[in-house]
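Here's data-v7.cif, which has mmCIF, C-alpha atoms:
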```cif
data_work
loop_
_atom_site.label_atom_id
_atom_site.label_comp_id
_atom_site.auth_asym_id
_atom_site.auth_seq_id
_atom_site.Cartn_x
_atom_site.Cartn_y
_atom_site.Cartn_z
CA MET A 1 -16.02 -39.87 -34.26
CA SER A 2 -12.35 -39.32 -33.45
CA ASP A 3 -11.06 -36.45 -31.33
CA THR A 4 -7.75 -36.33 -33.20
CA LYS A 5 -6.87 -33.35 -35.34
CA LYS A 6 -4.90 -33.26 -38.57
CA GLY A 7 -1.25 -33.37 -37.67
CA ASP A 8 -1.71 -35.31 -34.43
CA VAL A 9 0.70 -38.21 -34.05
CA VAL A 10 -1.69 -40.99 -33.07
CA THR A 11 0.01 -44.11 -31.77
CA PRO A 12 -1.09 -47.61 -32.75
CA ASN A 13 -1.70 -50.07 -29.92
CA SER A 14 1.50 -51.81 -30.98
CA ALA A 15 3.99 -51.67 -33.84
CA ASP A 16 3.17 -55.38 -34.19
CA GLN A 17 -0.27 -54.35 -35.48
CA ILE A 18 1.23 -52.62 -38.52
CA GLY A 19 2.14 -54.95 -41.35
CA ALA A 20 2.40 -52.40 -44.15
CA ILE A 21 2.92 -48.63 -44.11
CA LEU A 22 3.14 -46.07 -46.89
CA PHE A 23 4.64 -42.60 -46.58
CA ALA A 24 3.60 -39.94 -49.08
CA CYS A 25 4.57 -36.38 -49.93
CA ASN A 26 4.71 -34.23 -53.06
CA ILE A 27 7.68 -35.65 -55.01
CA ASN A 28 8.99 -38.60 -52.92
CA ALA A 29 12.51 -37.21 -52.75
CA VAL A 30 12.85 -35.89 -49.19
CA ARG A 31 10.16 -36.34 -46.51
CA SER A 32 8.53 -39.64 -47.50
CA ALA A 33 11.87 -41.10 -48.60
CA MET A 34 13.44 -40.22 -45.24
CA ALA A 35 10.54 -41.77 -43.33
CA GLU A 36 10.70 -44.95 -45.43
CA THR A 37 14.43 -45.30 -44.77
CA MET A 38 14.03 -44.73 -41.02
CA VAL A 39 11.25 -47.27 -40.57
CA LYS A 40 13.00 -49.90 -42.69
CA ASP A 41 16.05 -49.46 -40.45
CA ALA A 42 14.03 -49.61 -37.22
CA PHE A 43 11.91 -52.64 -38.21
CA PRO A 44 13.97 -54.68 -40.68
CA GLY A 45 11.81 -57.38 -42.25
CA LYS A 46 8.96 -56.75 -39.79
CA ILE A 47 6.95 -54.04 -41.56
CA PHE A 48 6.50 -53.64 -45.31
CA VAL A 49 7.45 -50.02 -45.93
CA ASP A 50 7.11 -47.98 -49.11
CA SER A 51 6.92 -44.33 -50.10
CA CYS A 52 5.63 -42.27 -52.99
CA GLY A 53 4.82 -38.79 -54.14
CA VAL A 54 1.91 -37.14 -55.87
CA THR A 55 4.35 -36.67 -58.77
CA PRO A 56 7.77 -38.37 -58.69
CA GLY A 57 10.73 -36.01 -58.41
CA ILE A 58 14.43 -36.68 -58.62
CA GLN A 59 16.74 -37.95 -55.92
CA ASP A 60 17.77 -35.17 -53.52
CA GLY A 61 21.45 -34.97 -52.56
CA PHE A 62 20.83 -32.90 -49.43
CA ALA A 63 18.34 -35.48 -48.14
CA THR A 64 20.82 -38.28 -48.83
CA ALA A 65 23.59 -36.33 -47.06
CA VAL A 66 21.66 -35.62 -43.84
CA MET A 67 20.47 -39.22 -43.64
CA GLN A 68 24.07 -40.40 -44.07
CA GLU A 69 24.98 -38.21 -41.07
CA ILE A 70 22.89 -40.50 -38.86
CA GLY A 71 24.16 -43.68 -40.49
CA LEU A 72 21.24 -44.31 -42.88
CA ASP A 73 21.81 -44.80 -46.60
CA MET A 74 19.04 -43.74 -48.95
CA SER A 75 21.26 -43.29 -52.00
CA ALA A 76 19.47 -46.11 -53.86
CA HIS A 77 16.03 -44.51 -53.39
CA GLN A 78 14.17 -43.93 -56.66
CA PRO A 79 11.27 -41.46 -56.34
CA LYS A 80 7.92 -42.77 -57.55
CA SER A 81 4.26 -41.77 -57.67
CA PHE A 82 1.09 -43.33 -56.29
CA ASP A 83 0.64 -44.90 -59.76
CA ASP A 84 4.01 -46.69 -59.44
CA LEU A 85 3.26 -48.51 -56.16
CA ASP A 86 3.88 -52.27 -56.03
CA SER A 87 1.25 -52.93 -53.39
CA GLY A 88 -2.37 -51.95 -53.05
CA PHE A 89 -2.71 -52.79 -49.38
CA TYR A 90 -1.46 -50.78 -46.43
CA ASP A 91 -2.52 -50.64 -42.80
CA VAL A 92 -1.71 -46.93 -42.67
CA ILE A 93 -0.69 -44.16 -45.05
CA ILE A 94 1.10 -41.22 -43.46
CA SER A 95 1.21 -38.08 -45.59
CA PHE A 96 3.49 -35.08 -45.13
CA SER A 97 1.68 -32.63 -47.43
CA PRO A 98 -1.96 -31.67 -48.01
CA GLU A 99 -1.74 -32.79 -51.65
CA ALA A 100 -0.40 -36.22 -50.68
CA HIS A 101 -3.04 -36.56 -47.96
CA ALA A 102 -5.81 -35.86 -50.49
CA ALA A 103 -4.33 -38.51 -52.81
CA ALA A 104 -4.10 -41.00 -49.91
CA GLU A 105 -7.72 -40.41 -48.96
CA ALA A 106 -8.79 -40.93 -52.57
CA LEU A 107 -6.74 -44.15 -52.77
CA THR A 108 -8.25 -45.56 -49.58
CA GLN A 109 -11.83 -44.56 -50.23
CA ASN A 110 -12.90 -48.21 -50.57
CA MET A 111 -10.35 -49.95 -48.36
CA ASP A 112 -9.71 -50.48 -44.68
CA CYS A 113 -6.63 -48.29 -44.29
CA ALA A 114 -5.92 -45.48 -41.86
CA THR A 115 -4.75 -42.18 -43.34
CA LEU A 116 -2.80 -39.73 -41.21
CA TYR A 117 -1.57 -36.26 -42.08
CA TRP A 118 1.59 -35.04 -40.37
CA PRO A 119 2.54 -31.55 -41.57
CA VAL A 120 6.30 -31.38 -42.16
CA ASP A 121 8.11 -28.46 -43.81
CA ASN A 122 8.28 -28.61 -47.61
CA LEU A 123 11.83 -27.82 -48.78
CA ALA A 124 10.97 -27.56 -52.49
CA ASN A 125 11.70 -23.83 -52.88
CA LEU A 126 14.41 -23.57 -50.24
CA THR A 127 17.31 -21.22 -50.96
CA GLY A 128 20.41 -20.22 -49.04
CA SER A 129 23.97 -21.27 -48.43
CA ARG A 130 24.92 -24.94 -48.32
CA GLU A 131 25.01 -24.83 -44.51
CA GLU A 132 21.59 -23.13 -44.33
CA MET A 133 20.18 -25.78 -46.65
CA LEU A 134 21.68 -28.62 -44.60
CA ARG A 135 20.31 -27.08 -41.39
CA ALA A 136 16.78 -27.01 -42.89
CA TYR A 137 17.09 -30.62 -44.09
CA ARG A 138 18.32 -31.72 -40.65
CA HIS A 139 15.31 -30.02 -39.08
CA VAL A 140 12.94 -31.94 -41.40
CA ARG A 141 14.80 -35.21 -40.76
CA ASP A 142 14.61 -34.70 -36.99
CA ASP A 143 10.94 -33.66 -37.12
CA ILE A 144 10.06 -36.86 -38.99
CA ARG A 145 12.21 -38.96 -36.66
CA ASN A 146 10.52 -37.48 -33.58
CA LYS A 147 7.04 -38.07 -34.99
CA LEU A 148 7.93 -41.67 -35.89
CA SER A 149 9.41 -42.26 -32.42
CA ILE A 150 6.16 -41.12 -30.81
CA TYR A 151 4.05 -43.13 -33.26
CA PHE A 152 5.96 -46.38 -32.77
CA GLY A 153 6.77 -45.82 -29.09
CA LYS A 154 10.49 -46.40 -29.56
CA PRO A 155 13.53 -44.41 -30.66
CA ILE A 156 13.83 -44.30 -34.45
CA ALA A 157 16.75 -43.86 -36.79
CA GLY A 158 20.42 -43.79 -36.76
CA ASN A 159 23.41 -43.10 -34.60
CA THR A 160 23.03 -39.46 -33.58
#
```

Before anything else, please render the file you have as C-alpha cells.
Amino acid sequence: MSDTKKGDVVTPNSADQIGAILFACNINAVRSAMAETMVKDAFPGKIFVDSCGVTPGIQDGFATAVMQEIGLDMSAHQPKSFDDLDSGFYDVIISFSPEAHAAAEALTQNMDCATLYWPVDNLANLTGSREEMLRAYRHVRDDIRNKLSIYFGKPIAGNT
C-alpha cells in the first residue's frame, strides 16, 4: 500500500517512462488545458499528451492570455470530455478536481494506468476586476507549472 496522500506530487523514476499522459478537470478550459500545453512544450514529440473535462466547456480567454505571457499558445485548444478522447491508453491520468479524479478512476478501473489527484484552484465562479482575474489565473498557471516541474524533475513551461 502506498504512503502517498491525495494531492502529493509523486515523481516517476524518469520522464522517459511516461509515454502517454492525460490531464483532467471539470470543463477542460483552464487547468487541464494549461497542463497539456506546458507538457507538450517541454517534451515535444516525446510524450503523447491530451486533456479533457468531465463536461466540455468553452475556450477561456483569461487562460489563453496568461499562457501567452509565458510564451505558450493554447488558442487552438478545443475543450472536450472523457467521451471525446482519441486514445484509450495512458500511463498516468492527473486530475485537478475531485469530479475529474472520480471519472479517471472509473475509466482506469480495468487498465494499468496510474491516477493522481492534484488539487488546483477552480476558477469557474471567479469574479473581480480584470487584473484580479488575471492574478488568479497566473496563480493557477504557476501552481500547475510548479507541480509539473517537481513531477518531471525539470523546469516546465515558458519564458518567465

Evaluate the PyMOL selection byres ((chain A and resi 157) around 12) and report residues as an mmCIF file with C-alpha atoms, in the frame of the given file:
```cif
data_model
loop_
_atom_site.group_PDB
_atom_site.id
_atom_site.type_symbol
_atom_site.label_atom_id
_atom_site.label_comp_id
_atom_site.auth_asym_id
_atom_site.auth_seq_id
_atom_site.Cartn_x
_atom_site.Cartn_y
_atom_site.Cartn_z
ATOM 1 C CA MET A 34 13.440 -40.220 -45.240
ATOM 2 C CA ALA A 35 10.540 -41.770 -43.330
ATOM 3 C CA GLU A 36 10.700 -44.950 -45.430
ATOM 4 C CA THR A 37 14.430 -45.300 -44.770
ATOM 5 C CA MET A 38 14.030 -44.730 -41.020
ATOM 6 C CA VAL A 39 11.250 -47.270 -40.570
ATOM 7 C CA LYS A 40 13.000 -49.900 -42.690
ATOM 8 C CA ASP A 41 16.050 -49.460 -40.450
ATOM 9 C CA ALA A 42 14.030 -49.610 -37.220
ATOM 10 C CA PHE A 43 11.910 -52.640 -38.210
ATOM 11 C CA PRO A 44 13.970 -54.680 -40.680
ATOM 12 C CA VAL A 66 21.660 -35.620 -43.840
ATOM 13 C CA MET A 67 20.470 -39.220 -43.640
ATOM 14 C CA GLN A 68 24.070 -40.400 -44.070
ATOM 15 C CA GLU A 69 24.980 -38.210 -41.070
ATOM 16 C CA ILE A 70 22.890 -40.500 -38.860
ATOM 17 C CA GLY A 71 24.160 -43.680 -40.490
ATOM 18 C CA LEU A 72 21.240 -44.310 -42.880
ATOM 19 C CA ASP A 73 21.810 -44.800 -46.600
ATOM 20 C CA ARG A 141 14.800 -35.210 -40.760
ATOM 21 C CA ASP A 142 14.610 -34.700 -36.990
ATOM 22 C CA ASP A 143 10.940 -33.660 -37.120
ATOM 23 C CA ILE A 144 10.060 -36.860 -38.990
ATOM 24 C CA ARG A 145 12.210 -38.960 -36.660
ATOM 25 C CA ASN A 146 10.520 -37.480 -33.580
ATOM 26 C CA LYS A 147 7.040 -38.070 -34.990
ATOM 27 C CA LEU A 148 7.930 -41.670 -35.890
ATOM 28 C CA SER A 149 9.410 -42.260 -32.420
ATOM 29 C CA PHE A 152 5.960 -46.380 -32.770
ATOM 30 C CA LYS A 154 10.490 -46.400 -29.560
ATOM 31 C CA PRO A 155 13.530 -44.410 -30.660
ATOM 32 C CA ILE A 156 13.830 -44.300 -34.450
ATOM 33 C CA GLY A 158 20.420 -43.790 -36.760
ATOM 34 C CA ASN A 159 23.410 -43.100 -34.600
ATOM 35 C CA THR A 160 23.030 -39.460 -33.580
#
```

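With only C-alpha atoms as the atoms that count, the minimum distance from Ala63 of chain A to the choices A:Ala136, A:Ala114, A:Ile150, A:Ile93 is reached by A:Ala136.
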
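Those residues returned by the PyMOL selection byres ((chain A and resi 50) around 10) for this file are Ala20, Ile21, Leu22, Phe23, Ala24, Ser32, Ala33, Ala35, Glu36, Thr37, Val39, Lys40, Ile47, Phe48, Val49, Ser51, Cys52, Lys80, Leu85, Asp86, Ser87, Tyr90 and Ile93 of chain A.
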
*asked:* Using only C-alpha atoms, which protein or nucleic acid residues come within 9 Å of Pro98 of chain A? Drop anything in the same chain fewer than 5 positions from it, and give the result as a PyMOL selection string.
replied: chain A and resi 25-26+103+117+119

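Note that the spacing between atom CA of Gly53 of chain A and atom CA of Ala65 of chain A amounts to 20.2 Å.
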
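The smallest atom-to-atom distance between Val120 of chain A and any of A:Gly57, A:Ser97, A:Ala106, A:Ala76, using only C-alpha atoms, is found for A:Ser97.
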
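Atom pair atom CA of Ile27 of chain A / atom CA of Lys46 of chain A: separated by 26.0 Å.
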
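Proximity to Gln17 of chain A was assessed for A:Val92, A:Ala100, A:Leu107, A:Val54 counting only C-alpha atoms; the smallest distance is recorded for A:Val92.
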
*asked:* Just to confirm, what's the straight-line distance from atom CA of Asn110 of chain A to atom CA of Phe96 of chain A in Å (one decimal)?
replied: 21.7 Å
